[in-house]
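Q: Just so it is clear, I am handing over my_file12.cif, which has mmCIF, C-alpha atoms.
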data_final
#
loop_
_atom_site.label_atom_id
_atom_site.label_comp_id
_atom_site.auth_asym_id
_atom_site.auth_seq_id
_atom_site.Cartn_x
_atom_site.Cartn_y
_atom_site.Cartn_z
CA SER A 207 0.00 0.00 0.00
CA LYS A 208 1.01 3.65 -0.34
CA GLU A 209 1.21 4.12 3.44
CA SER A 210 3.48 1.11 3.96
CA LEU A 211 5.72 2.23 1.08
CA PHE A 212 5.95 5.72 2.58
CA THR A 213 6.82 4.28 6.00
CA LEU A 214 9.53 2.13 4.42
CA MET A 215 11.05 5.11 2.64
CA ILE A 216 11.33 7.25 5.80
CA GLY A 217 14.63 6.51 7.59
CA PHE A 218 15.13 6.56 11.38
CA VAL A 219 18.21 6.01 13.49
CA THR A 220 17.14 3.86 16.46
CA GLU A 221 18.63 2.53 19.68
CA THR A 222 17.08 -0.39 21.56
CA ARG A 223 19.81 -1.28 24.10
CA PRO A 224 20.39 1.76 26.30
CA GLU A 225 22.41 1.85 29.52
CA SER A 226 20.35 1.93 32.72
CA SER A 227 20.73 2.05 36.50
CA VAL A 228 18.10 1.37 39.18
CA TYR A 229 17.94 2.26 42.88
CA THR A 230 15.07 1.10 45.11
CA GLU A 231 14.08 1.92 48.68
CA MET A 232 11.19 0.61 50.81
CA ARG A 233 9.42 2.85 53.32
CA GLY A 234 6.82 2.24 56.02
CA VAL A 235 6.22 1.26 59.66
CA ALA A 236 3.63 -1.26 60.90
CA MET A 237 2.55 -3.02 64.08
CA LEU A 238 2.62 -6.82 64.34
CA GLU A 239 0.70 -7.59 67.52
CA ASP A 240 2.74 -5.62 70.11
CA SER A 241 5.90 -5.37 68.00
CA VAL A 242 6.91 -2.42 65.84
CA GLN A 243 8.09 -3.50 62.37
CA ASP A 244 10.35 -1.08 60.51
CA THR A 245 12.41 -1.41 57.32
CA THR A 246 15.24 -3.16 59.19
CA GLU A 247 12.87 -5.98 60.10
CA TYR A 248 11.01 -6.63 56.88
CA VAL A 249 13.11 -5.34 53.92
CA ARG A 250 15.75 -7.50 52.20
CA PRO A 251 18.14 -6.00 51.21
CA SER A 252 17.81 -2.75 53.15
CA GLU A 253 19.02 -0.78 50.12
CA GLY A 254 18.08 -2.40 46.86
CA GLY A 255 19.17 -2.27 43.26
CA ASP A 256 16.89 -3.71 40.63
CA VAL A 257 15.60 -6.34 43.11
CA ILE A 258 14.02 -5.67 46.51
CA SER A 259 11.73 -7.75 48.72
CA THR A 260 9.55 -7.21 51.74
CA ILE A 261 8.48 -9.81 54.31
CA LEU A 262 4.72 -10.21 54.69
CA ARG A 263 4.54 -13.35 56.86
CA ARG A 264 7.01 -15.37 58.94
CA GLU A 265 7.31 -18.90 60.27
CA VAL A 266 9.79 -18.91 63.19
CA MET A 267 11.76 -21.70 64.90
CA HIS A 268 13.12 -20.44 68.24
CA ASP A 269 16.12 -21.65 70.23
CA GLN A 270 17.55 -24.27 67.89
CA THR A 271 20.88 -25.83 68.95
CA GLN A 272 23.29 -28.36 67.42
CA GLY A 273 22.43 -31.81 68.80
CA THR A 274 20.46 -34.99 68.16
CA CYS A 275 16.71 -35.35 67.73
CA ALA A 276 14.09 -37.34 65.84
CA GLU A 277 13.78 -36.99 62.07
CA HIS A 278 10.44 -35.87 60.65
CA TYR A 279 8.11 -38.75 59.82
CA SER A 280 7.44 -37.45 56.26
CA VAL A 281 11.07 -38.09 55.22
CA ALA A 282 11.54 -41.31 53.22
CA ASN A 283 12.51 -44.36 55.36
CA ALA A 284 12.54 -42.23 58.52
CA ASN A 285 9.87 -44.28 60.33
CA CYS A 286 11.29 -47.22 62.26
CA THR A 287 10.61 -49.79 64.96
CA GLN A 288 14.20 -50.79 65.86
CA ASP A 289 17.77 -49.50 65.47
CA SER A 290 18.51 -51.79 62.53
CA ASP A 291 15.98 -49.80 60.49
CA CYS A 292 18.27 -46.75 60.65
CA ALA A 293 21.58 -46.90 58.77
CA GLN A 294 24.28 -45.03 60.70
CA GLY A 295 25.88 -42.14 58.77
CA GLU A 296 23.19 -42.06 56.09
CA ILE A 297 22.05 -38.63 54.88
CA ASP A 298 18.74 -38.10 53.11
CA PHE A 299 18.85 -34.92 51.03
CA ASP A 300 15.15 -34.35 51.75
CA GLY A 301 15.80 -34.73 55.46
CA HIS A 302 17.37 -32.55 58.14
CA GLY A 303 20.66 -34.21 59.01
CA GLN A 304 22.84 -37.33 59.39
CA ARG A 305 21.37 -40.48 60.96
CA THR A 306 23.00 -41.82 64.11
CA GLY A 307 21.75 -45.40 63.75
CA ARG A 308 19.26 -45.18 66.64
CA CYS A 309 15.46 -45.46 66.51
CA ILE A 310 13.82 -43.13 69.04
CA LEU A 311 10.39 -41.75 69.93
CA TYR A 312 9.21 -38.87 67.79
CA TYR A 313 9.26 -36.20 70.51
CA ASN A 314 6.13 -36.61 72.67
CA TYR A 315 4.35 -39.03 70.32
CA THR A 316 4.03 -42.81 70.57
CA PHE A 317 5.63 -43.74 67.21
CA LYS A 318 9.34 -43.76 66.39
CA THR A 319 11.63 -42.26 63.75
CA CYS A 320 15.36 -42.39 63.11
CA GLU A 321 17.59 -40.13 65.22
CA ILE A 322 19.65 -37.49 63.38
CA LYS A 323 22.40 -34.95 64.07
CA SER A 324 20.97 -31.55 63.22
CA TRP A 325 19.74 -28.19 64.49
CA CYS A 326 17.13 -29.33 66.99
CA PRO A 327 14.21 -29.31 67.35
CA ILE A 328 13.48 -29.67 63.62
CA GLU A 329 11.54 -27.03 61.71
CA GLU A 330 8.27 -28.93 61.14
CA TYR A 331 7.89 -29.76 64.84
CA ALA A 332 8.84 -26.45 66.45
CA VAL A 333 7.53 -23.93 63.92
CA VAL A 334 5.53 -20.92 65.16
CA ARG A 335 3.41 -19.29 62.44
CA GLU A 336 3.04 -15.54 62.94
CA PRO A 337 0.09 -13.55 61.54
CA ALA A 338 0.49 -11.74 58.24
CA LEU A 339 1.69 -8.14 58.17
CA GLU A 340 -1.51 -6.83 56.56
CA GLN A 341 -0.56 -3.18 57.17
CA ALA A 342 2.21 -3.66 54.60
CA ILE A 343 -0.38 -2.88 51.93
CA ASN A 344 0.41 0.79 52.63
CA PHE A 345 4.19 0.38 52.43
CA THR A 346 5.75 2.32 49.57
CA VAL A 347 8.68 1.57 47.32
CA PHE A 348 10.72 4.36 45.73
CA ILE A 349 12.20 3.39 42.34
CA LYS A 350 14.83 5.73 40.91
CA ASN A 351 15.87 5.04 37.32
CA ALA A 352 18.38 6.75 35.04
CA ILE A 353 18.73 5.76 31.40
CA HIS A 354 21.39 6.74 28.84
CA PHE A 355 21.08 6.54 25.05
CA PRO A 356 24.76 6.71 23.91
CA LYS A 357 23.95 6.98 20.22
CA PHE A 358 22.00 10.19 20.81
CA LYS A 359 24.04 11.37 23.85
CA VAL A 360 20.84 11.78 25.88
CA LEU A 361 20.54 11.02 29.61
CA ARG A 362 17.07 10.85 31.13
CA GLY A 363 15.74 10.18 34.64
CA ASN A 364 12.32 9.40 36.06
CA ILE A 365 12.46 12.14 38.70
CA LYS A 366 12.98 15.89 38.57
CA PRO A 367 16.26 16.74 40.34
CA ASN A 368 15.06 20.14 41.57
CA LYS A 369 12.12 18.76 43.58
CA PRO A 370 13.47 16.06 45.95
CA LYS A 371 11.25 17.02 48.93
CA LYS A 372 8.07 16.48 46.92
CA LEU A 373 8.92 12.78 46.64
CA LEU A 374 8.40 12.34 50.39
CA ARG A 375 4.65 12.95 50.13
CA CYS A 376 3.61 12.06 46.58
CA HIS A 377 2.41 8.89 44.85
CA TYR A 378 2.72 8.00 41.20
CA HIS A 379 -0.05 8.93 38.77
CA PRO A 380 0.48 8.79 34.99
CA GLU A 381 -1.15 12.20 34.43
CA THR A 382 -0.85 14.25 37.61
CA ASN A 383 2.45 12.85 38.99
CA PRO A 384 4.45 11.18 36.19
CA TYR A 385 7.77 12.19 37.85
CA CYS A 386 6.92 10.63 41.23
CA PRO A 387 8.10 6.98 41.12
CA VAL A 388 6.65 6.11 44.55
CA PHE A 389 4.29 3.12 44.54
CA SER A 390 2.38 1.48 47.38
CA LEU A 391 2.46 -2.31 47.58
CA GLY A 392 -1.34 -2.32 47.38
CA PHE A 393 -1.20 -0.36 44.11
CA ILE A 394 1.43 -2.71 42.67
CA ALA A 395 -0.61 -5.81 43.59
CA ALA A 396 -3.78 -4.31 42.08
CA GLN A 397 -1.99 -3.36 38.85
CA ALA A 398 -0.63 -6.92 38.61
CA ARG A 399 -4.20 -8.23 39.18
CA GLU A 400 -3.24 -10.01 42.39
CA LYS A 401 -4.96 -10.18 45.79
CA PHE A 402 -2.74 -8.76 48.49
CA SER A 403 -4.13 -11.21 51.06
CA GLU A 404 -3.07 -14.13 48.84
CA LEU A 405 0.43 -12.65 48.44
CA CYS A 406 0.66 -12.48 52.23
CA ARG A 407 -0.10 -16.20 52.41
CA THR A 408 2.16 -17.58 49.67
CA GLY A 409 4.39 -14.69 48.62
CA GLY A 410 5.05 -13.83 44.99
CA ILE A 411 7.42 -12.26 42.46
CA ILE A 412 6.16 -9.19 40.60
CA GLY A 413 7.94 -7.56 37.68
CA VAL A 414 8.02 -3.76 37.58
CA PHE A 415 8.53 -2.79 33.94
CA ILE A 416 9.83 0.71 33.18
CA ASN A 417 9.25 1.46 29.50
CA TRP A 418 11.07 4.33 27.77
CA LYS A 419 9.81 5.05 24.25
CA CYS A 420 11.45 8.25 23.05
CA ASP A 421 11.22 10.32 19.89
CA PHE A 422 14.24 12.64 19.84
CA ASP A 423 12.93 14.65 16.88
CA VAL A 424 11.15 16.61 19.61
CA ASP A 425 12.45 17.96 22.92
CA PRO A 426 14.04 15.11 24.98
CA SER A 427 12.18 16.42 28.04
CA LYS A 428 9.02 15.03 26.44
CA CYS A 429 10.41 11.50 26.94
CA ILE A 430 8.63 10.23 30.07
CA PRO A 431 8.60 6.56 31.13
CA THR A 432 5.51 4.44 31.62
CA TYR A 433 5.14 1.67 34.21
CA SER A 434 3.49 -1.73 34.07
CA PHE A 435 3.32 -4.61 36.56
CA ARG A 436 2.99 -8.37 36.07
CA ARG A 437 3.27 -11.51 38.20
CA LEU A 438 6.40 -13.43 37.16
CA ASP A 439 6.41 -16.64 39.21
CA MET A 440 4.24 -19.71 38.61
CA ARG A 441 1.11 -19.40 40.69
CA LYS A 442 -2.10 -21.31 41.49
CA ASP A 443 -1.45 -24.59 43.36
CA LEU A 444 1.92 -25.51 41.82
CA PRO A 445 4.73 -26.41 44.26
CA SER A 446 6.93 -23.74 42.70
CA SER A 447 4.41 -20.95 43.22
CA GLY A 448 4.97 -18.11 45.64
CA TYR A 449 8.15 -16.65 47.07
CA TYR A 450 9.90 -17.43 50.34
CA TYR A 451 13.40 -17.81 51.75
CA ARG A 452 15.09 -18.73 55.03
CA PHE A 453 17.57 -16.89 57.18
CA ALA A 454 18.79 -17.23 60.76
CA LYS A 455 19.72 -15.01 63.71
CA TYR A 456 22.50 -16.47 65.89
CA TYR A 457 23.23 -15.83 69.57
CA HIS A 458 25.00 -17.46 72.53
CA LYS A 459 23.57 -18.34 75.92
CA ASP A 460 25.57 -19.99 78.71
CA GLY A 461 28.34 -20.78 76.24
CA VAL A 462 26.00 -22.60 73.85
CA GLU A 463 25.27 -21.35 70.33
CA TYR A 464 21.59 -20.91 69.50
CA ARG A 465 19.79 -19.70 66.44
CA THR A 466 16.34 -18.48 65.50
CA LEU A 467 15.43 -19.81 62.05
CA ILE A 468 12.96 -17.69 60.06
CA LYS A 469 11.08 -18.79 56.95
CA ALA A 470 9.90 -15.56 55.33
CA TYR A 471 7.10 -15.20 52.78
CA GLY A 472 6.94 -11.93 50.91
CA ILE A 473 6.79 -9.89 47.73
CA ARG A 474 9.91 -9.65 45.58
CA LEU A 475 10.00 -6.81 43.07
CA ASP A 476 12.16 -7.25 39.97
CA VAL A 477 12.64 -3.91 38.19
CA ILE A 478 13.11 -4.42 34.43
CA VAL A 479 13.93 -1.47 32.17
CA HIS A 480 13.12 -1.36 28.44
CA GLY A 481 14.28 1.50 26.20
CA HIS A 482 13.65 2.41 22.58
CA ALA A 483 14.61 5.73 21.01
CA GLY A 484 14.62 7.05 17.47
CA ARG A 485 15.35 10.12 15.38
CA PHE A 486 14.81 11.02 11.73
CA SER A 487 17.93 10.78 9.55
CA LEU A 488 18.38 11.90 5.93
CA ILE A 489 20.90 9.24 4.84
CA PRO A 490 18.73 6.22 5.77
CA THR A 491 15.80 7.98 4.11
CA ILE A 492 17.70 8.29 0.82
CA ILE A 493 18.87 4.67 0.97
CA ASN A 494 15.39 3.38 1.79
CA THR A 495 13.81 5.53 -0.91
CA VAL A 496 16.16 4.24 -3.61
CA THR A 497 15.66 0.67 -2.41
CA ALA A 498 11.89 1.04 -2.46
CA MET A 499 11.87 2.63 -5.92
CA THR A 500 14.13 -0.12 -7.28
CA SER A 501 11.91 -2.82 -5.87
CA VAL A 502 8.87 -1.52 -7.80
CA GLY A 503 10.77 -0.69 -11.05
CA ILE A 504 10.44 3.11 -10.82
CA CYS A 505 14.18 3.73 -11.26
CA SER A 506 14.28 2.18 -14.75
CA ILE A 507 11.30 4.31 -15.83
CA ILE A 508 12.93 7.51 -14.58
CA CYS A 509 16.25 6.67 -16.26
CA ASP A 510 14.50 6.01 -19.59
CA TRP A 511 12.62 9.30 -19.33
CA ILE A 512 15.84 11.23 -18.68
CA MET A 513 17.61 9.56 -21.63
CA LEU A 514 14.72 10.24 -24.01
CA THR A 515 14.15 13.83 -22.87
CA PHE A 516 17.40 15.50 -21.91
CA ILE A 517 20.31 13.49 -23.30
CA ASP A 518 21.76 14.18 -26.80
CA LYS A 519 21.19 11.50 -29.48
CA ASN A 520 17.96 10.52 -27.82
CA GLU A 521 16.66 9.37 -31.23
CA VAL A 522 19.43 6.76 -31.41
CA PHE A 523 18.54 5.58 -27.91
CA SER A 524 14.87 5.46 -28.88
CA GLU A 525 15.59 3.27 -31.94
CA LYS A 526 17.62 0.88 -29.82
CA LYS A 527 15.06 0.86 -27.02
CA PHE A 528 11.86 0.49 -29.05
CA ASP A 529 10.81 -1.34 -32.26
CA ASP A 530 8.95 0.64 -35.02
CA VAL A 531 5.83 -1.38 -35.60
CA PHE A 532 4.61 0.95 -38.43
CA LYS A 533 7.46 0.21 -40.89
CA LYS A 534 6.32 -1.58 -44.12
CA PRO A 535 8.00 -4.90 -44.92
CA SER A 536 10.63 -4.69 -47.74
CA GLN A 537 9.39 -7.80 -49.60
CA PRO A 538 5.72 -8.39 -50.44
CA ILE A 539 4.27 -11.58 -49.13
CA THR A 540 2.57 -13.77 -51.80
CA THR A 541 0.23 -16.57 -50.97
CA ASP A 542 -0.87 -19.29 -53.41
CA LEU A 543 -4.32 -20.64 -52.78
CA THR A 544 -5.57 -23.83 -54.55
CA LEU A 545 -9.19 -24.91 -54.26
CA THR A 546 -10.21 -28.52 -54.90
CA SER A 547 -13.85 -29.48 -55.42
CA TYR A 548 -15.25 -32.90 -54.71
CA GLY A 549 -18.52 -34.16 -56.15
CA SER A 550 -21.52 -35.50 -54.24
CA THR A 551 -24.59 -37.54 -55.09
CA HIS A 552 -26.75 -35.40 -52.87
CA SER A 553 -27.21 -31.68 -52.84
CA ASP A 554 -28.75 -31.70 -49.42
CA LEU A 555 -27.89 -34.46 -47.02
CA SER A 556 -30.74 -33.59 -44.73
CA ASP A 557 -33.42 -33.89 -47.44
CA GLY A 558 -31.81 -36.72 -49.35
CA VAL A 559 -32.76 -35.16 -52.76
CA PRO A 560 -30.83 -36.77 -55.73
CA LEU A 561 -28.85 -34.53 -58.02
#
Would you mind writing the file out in structure tokens?
A:
Amino acid sequence: SKESLFTLMIGFVTETRPESSVYTEMRGVAMLEDSVQDTTEYVRPSEGGDVISTILRREVMHDQTQGTCAEHYSVANANCTQDSDCAQGEIDFDGHGQRTGRCILYYNYTFKTCEIKSWCPIEEYAVVREPALEQAINFTVFIKNAIHFPKFKVLRGNIKPNKPKKLLRCHYHPETNPYCPVFSLGFIAAQAREKFSELCRTGGIIGVFINWKCDFDVDPSKCIPTYSFRRLDMRKDLPSSGYYYRFAKYYHKDGVEYRTLIKAYGIRLDVIVHGHAGRFSLIPTIINTVTAMTSVGICSIICDWIMLTFIDKNEVFSEKKFDDVFKKPSQPITTDLTLTSYGSTHSDLSDGVPL
């Protein structure tokens, strides 16, 4: 079509792999029962790059020490009735430690499992499940992004450098506050079409996509990023759904090392930056125009017109280019025609009348 041909002929210089940097910071304070939760408690890491996470729910194992205790009954071949059922030194990679070769009671229950060397008591037996940090829905994350297009020597940022104090009390809006990259976790979950209560239960990974689409034929200040959000991890009831990790806090008491093991469920934000910039350029336009004209045969028509109109000896070129169909042949063409007549006994085959 004419529009597609015109688009092909126009040449742009583009850049699709810009250089980018990201800085993130979580803000907010909440109460968990009688405990105050600040950023030191629930943010990992405390100062983030393009990845930052916040803890929404915890499962805690208090006062674990190095020793011997019963293996969990869900581990393969852990249930036993006598010592010979437990191979000494064996380690099950789905278990919690090395087997001692003894068969002991499973804590205060009546059945037995194999004894292991591990941090005791084991996680499944001693876990304390804390309530979800529902007030985290109002926590905010500040995302600072700078992007550089080397081909055009343009550096852009998603905040205005002369208004840093305004960022302390604003929230992002695409029309009223496009230069305020401050987002609440509730807003992020809603934009990703996720229920915040479900994220508190299982955790999840959400991608924050910063999209720069710039036309440098106009003022570069008109280049403003847009934001989109999408769940990245497998969800529903799959074993791999959600997001959680473990970490421990160590301490000593009466010369014995203890630890508090924490299994944390939360939201992890992965900030992903996409950039695409372009500018009109004359040289690609000329190349594309010539290529397009050649592809449809226009160049040969124009060249013929120039040769026939402006170049000397155009009559010679015309004779070589075209055949004169009006020229009379030099020799007359004679044709001999011989007619042969054959007789018939009937003048009319349909009537059968004799001649």
Q: For Gln341 (chain A), which of A:Gly255, A:Val242, A:Arg465, A:Cys286 is the closest residue, counting all atoms listed in the file?
A: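 Checking each candidate against Gln341 (chain A), we get A:Val242 as the closest.
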Q: Report, in Å with one decimal, the straight-line distance from CA of Met267 (chain A) to CA of Asp240 (chain A).
A: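 Pair CA of Met267 (chain A) / CA of Asp240 (chain A) returns 19.2 Å.
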Q: On this structure, the PyMOL selection byres ((chain A and resi 431-440) around 6) would catch which residues? List them as a PyMOL selection string, sorted by chain and number.
A: chain A and resi 397-398+411-418+430+441+447
Q: Run through the PyMOL selection byres ((chain A and resi 428) around 12) on the given coordinates and return the selected residues as a list in words.
A: Arg362, Gly363, Asn364, Pro384, Tyr385, Trp418, Lys419, Cys420, Asp421, Phe422, Asp423, Val424, Asp425, Pro426, Ser427, Cys429, Ile430 and Pro431 of chain A
Q: Under the rule that only C-alpha atoms are counted, which of A:Leu475, A:Gly273, A:Glu330, A:Ala236 is the nearest residue to Gln304 (chain A)?
A: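 Result for the nearest residue to Gln304 (chain A): A:Gly273.
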Q: Counting all atoms listed in the file, which of A:Arg474, A:Lys455, A:His377, A:His302 gets nearest to Ile261 (chain A)?
A: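 Using all atoms listed in the file, the shortest distance to Ile261 (chain A) belongs to A:Arg474.
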Q: Take CA of Asn283 (chain A) and CA of Thr271 (chain A) and report the distance between them in Å, one decimal.
A: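 So the two atoms, CA of Asn283 (chain A) and CA of Thr271 (chain A), lie 24.5 Å apart.
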Q: Apply the PyMOL selection byres ((chain A and resi 319) around 10) to the file shown and report the selected residues as a VMD selection string.
A: chain A and resid 275 to 281 283 to 289 291 to 292 308 to 313 317 to 318 320 to 322
Q: Enter the distance from CA of Cys406 (chain A) to CA of Pro251 (chain A), in Å, rounded to one decimal.
A: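 Interatomic distance, CA of Cys406 (chain A) to CA of Pro251 (chain A): 18.7 Å.
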Q: Can you tell me which residues surround Phe453 (chain A) at a distance of at most 7 Å, considering all atoms listed in the file, apart from same-chain residues fewer than 5 positions away, and format the answer as a list of chain:residue names?
A: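 The neighbour list is A:Leu467, A:Ile468, A:Lys469.
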Q: Give me the residues of region 252-313 of chain A that have any atom at most 10 Å from an atom of region 347-361 of chain A; for each, the nearest atom pair and the distance in Å, rounded to one decimal. Use all atoms listed in the file, sort by chain and number, and format it as JSON lines.
A:
{"residue": "A:Gly254", "atom": "CA", "partner": "A:Ile349", "partner_atom": "CA", "distance": 9.4}
{"residue": "A:Gly255", "atom": "CA", "partner": "A:Ile349", "partner_atom": "CA", "distance": 9.0}
{"residue": "A:Asp256", "atom": "CA", "partner": "A:Ile349", "partner_atom": "CA", "distance": 8.7}
{"residue": "A:Ile258", "atom": "CA", "partner": "A:Val347", "partner_atom": "CA", "distance": 9.0}
{"residue": "A:Ser259", "atom": "CA", "partner": "A:Val347", "partner_atom": "CA", "distance": 9.9}
{"residue": "A:Thr260", "atom": "CA", "partner": "A:Val347", "partner_atom": "CA", "distance": 9.9}
Q: How big is the axis-aligned box around all listed atoms of region 457-462 of chain A once 5 Å goes on each side, and where's its centre, in Å to one decimal, as AutoDock Vina command-line options?
A:
--center_x 25.8 --center_y -19.2 --center_z 74.1 --size_x 15.1 --size_y 16.8 --size_z 19.1
Q: Would you mind writing region 348-362 of chain A with N, CA, C and O atoms, as a compact mmCIF listing (two decimals), in the frame of the given file?
A:
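Output saved as selection.txt:
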# COMPACT_ATOMS: atom_id res chain seq x y z
N PHE A 348 10.20 3.28 46.57
CA PHE A 348 10.72 4.36 45.73
C PHE A 348 11.67 3.75 44.71
O PHE A 348 12.62 3.05 45.07
N ILE A 349 11.40 3.97 43.43
CA ILE A 349 12.20 3.39 42.34
C ILE A 349 12.80 4.53 41.52
O ILE A 349 12.10 5.23 40.80
N LYS A 350 14.12 4.70 41.65
CA LYS A 350 14.83 5.73 40.91
C LYS A 350 15.54 5.09 39.73
O LYS A 350 16.28 4.12 39.89
N ASN A 351 15.31 5.63 38.54
CA ASN A 351 15.87 5.04 37.32
C ASN A 351 16.49 6.14 36.46
O ASN A 351 15.90 7.18 36.23
N ALA A 352 17.70 5.89 36.00
CA ALA A 352 18.38 6.75 35.04
C ALA A 352 18.71 5.92 33.82
O ALA A 352 19.16 4.77 33.94
N ILE A 353 18.51 6.49 32.64
CA ILE A 353 18.73 5.76 31.40
C ILE A 353 19.53 6.64 30.44
O ILE A 353 19.33 7.85 30.36
N HIS A 354 20.49 6.01 29.73
CA HIS A 354 21.39 6.74 28.84
C HIS A 354 21.31 6.12 27.45
O HIS A 354 21.47 4.91 27.29
N PHE A 355 21.07 6.96 26.45
CA PHE A 355 21.08 6.54 25.05
C PHE A 355 22.38 7.05 24.42
O PHE A 355 22.46 8.21 23.99
N PRO A 356 23.45 6.24 24.39
CA PRO A 356 24.76 6.71 23.91
C PRO A 356 24.75 7.21 22.47
O PRO A 356 25.46 8.15 22.14
N LYS A 357 23.96 6.58 21.62
CA LYS A 357 23.95 6.98 20.22
C LYS A 357 23.46 8.41 20.04
O LYS A 357 23.91 9.12 19.14
N PHE A 358 22.55 8.84 20.91
CA PHE A 358 22.00 10.19 20.81
C PHE A 358 22.57 11.14 21.87
O PHE A 358 22.22 12.32 21.91
N LYS A 359 23.43 10.59 22.77
CA LYS A 359 24.04 11.37 23.85
C LYS A 359 22.97 12.05 24.70
O LYS A 359 23.05 13.24 25.02
N VAL A 360 21.95 11.27 25.07
CA VAL A 360 20.84 11.78 25.88
C VAL A 360 20.76 10.96 27.16
O VAL A 360 20.76 9.73 27.13
N LEU A 361 20.70 11.64 28.30
CA LEU A 361 20.54 11.02 29.61
C LEU A 361 19.22 11.49 30.20
O LEU A 361 18.98 12.69 30.32
N ARG A 362 18.37 10.52 30.58
CA ARG A 362 17.07 10.85 31.13
C ARG A 362 16.89 10.16 32.48
O ARG A 362 17.48 9.11 32.75
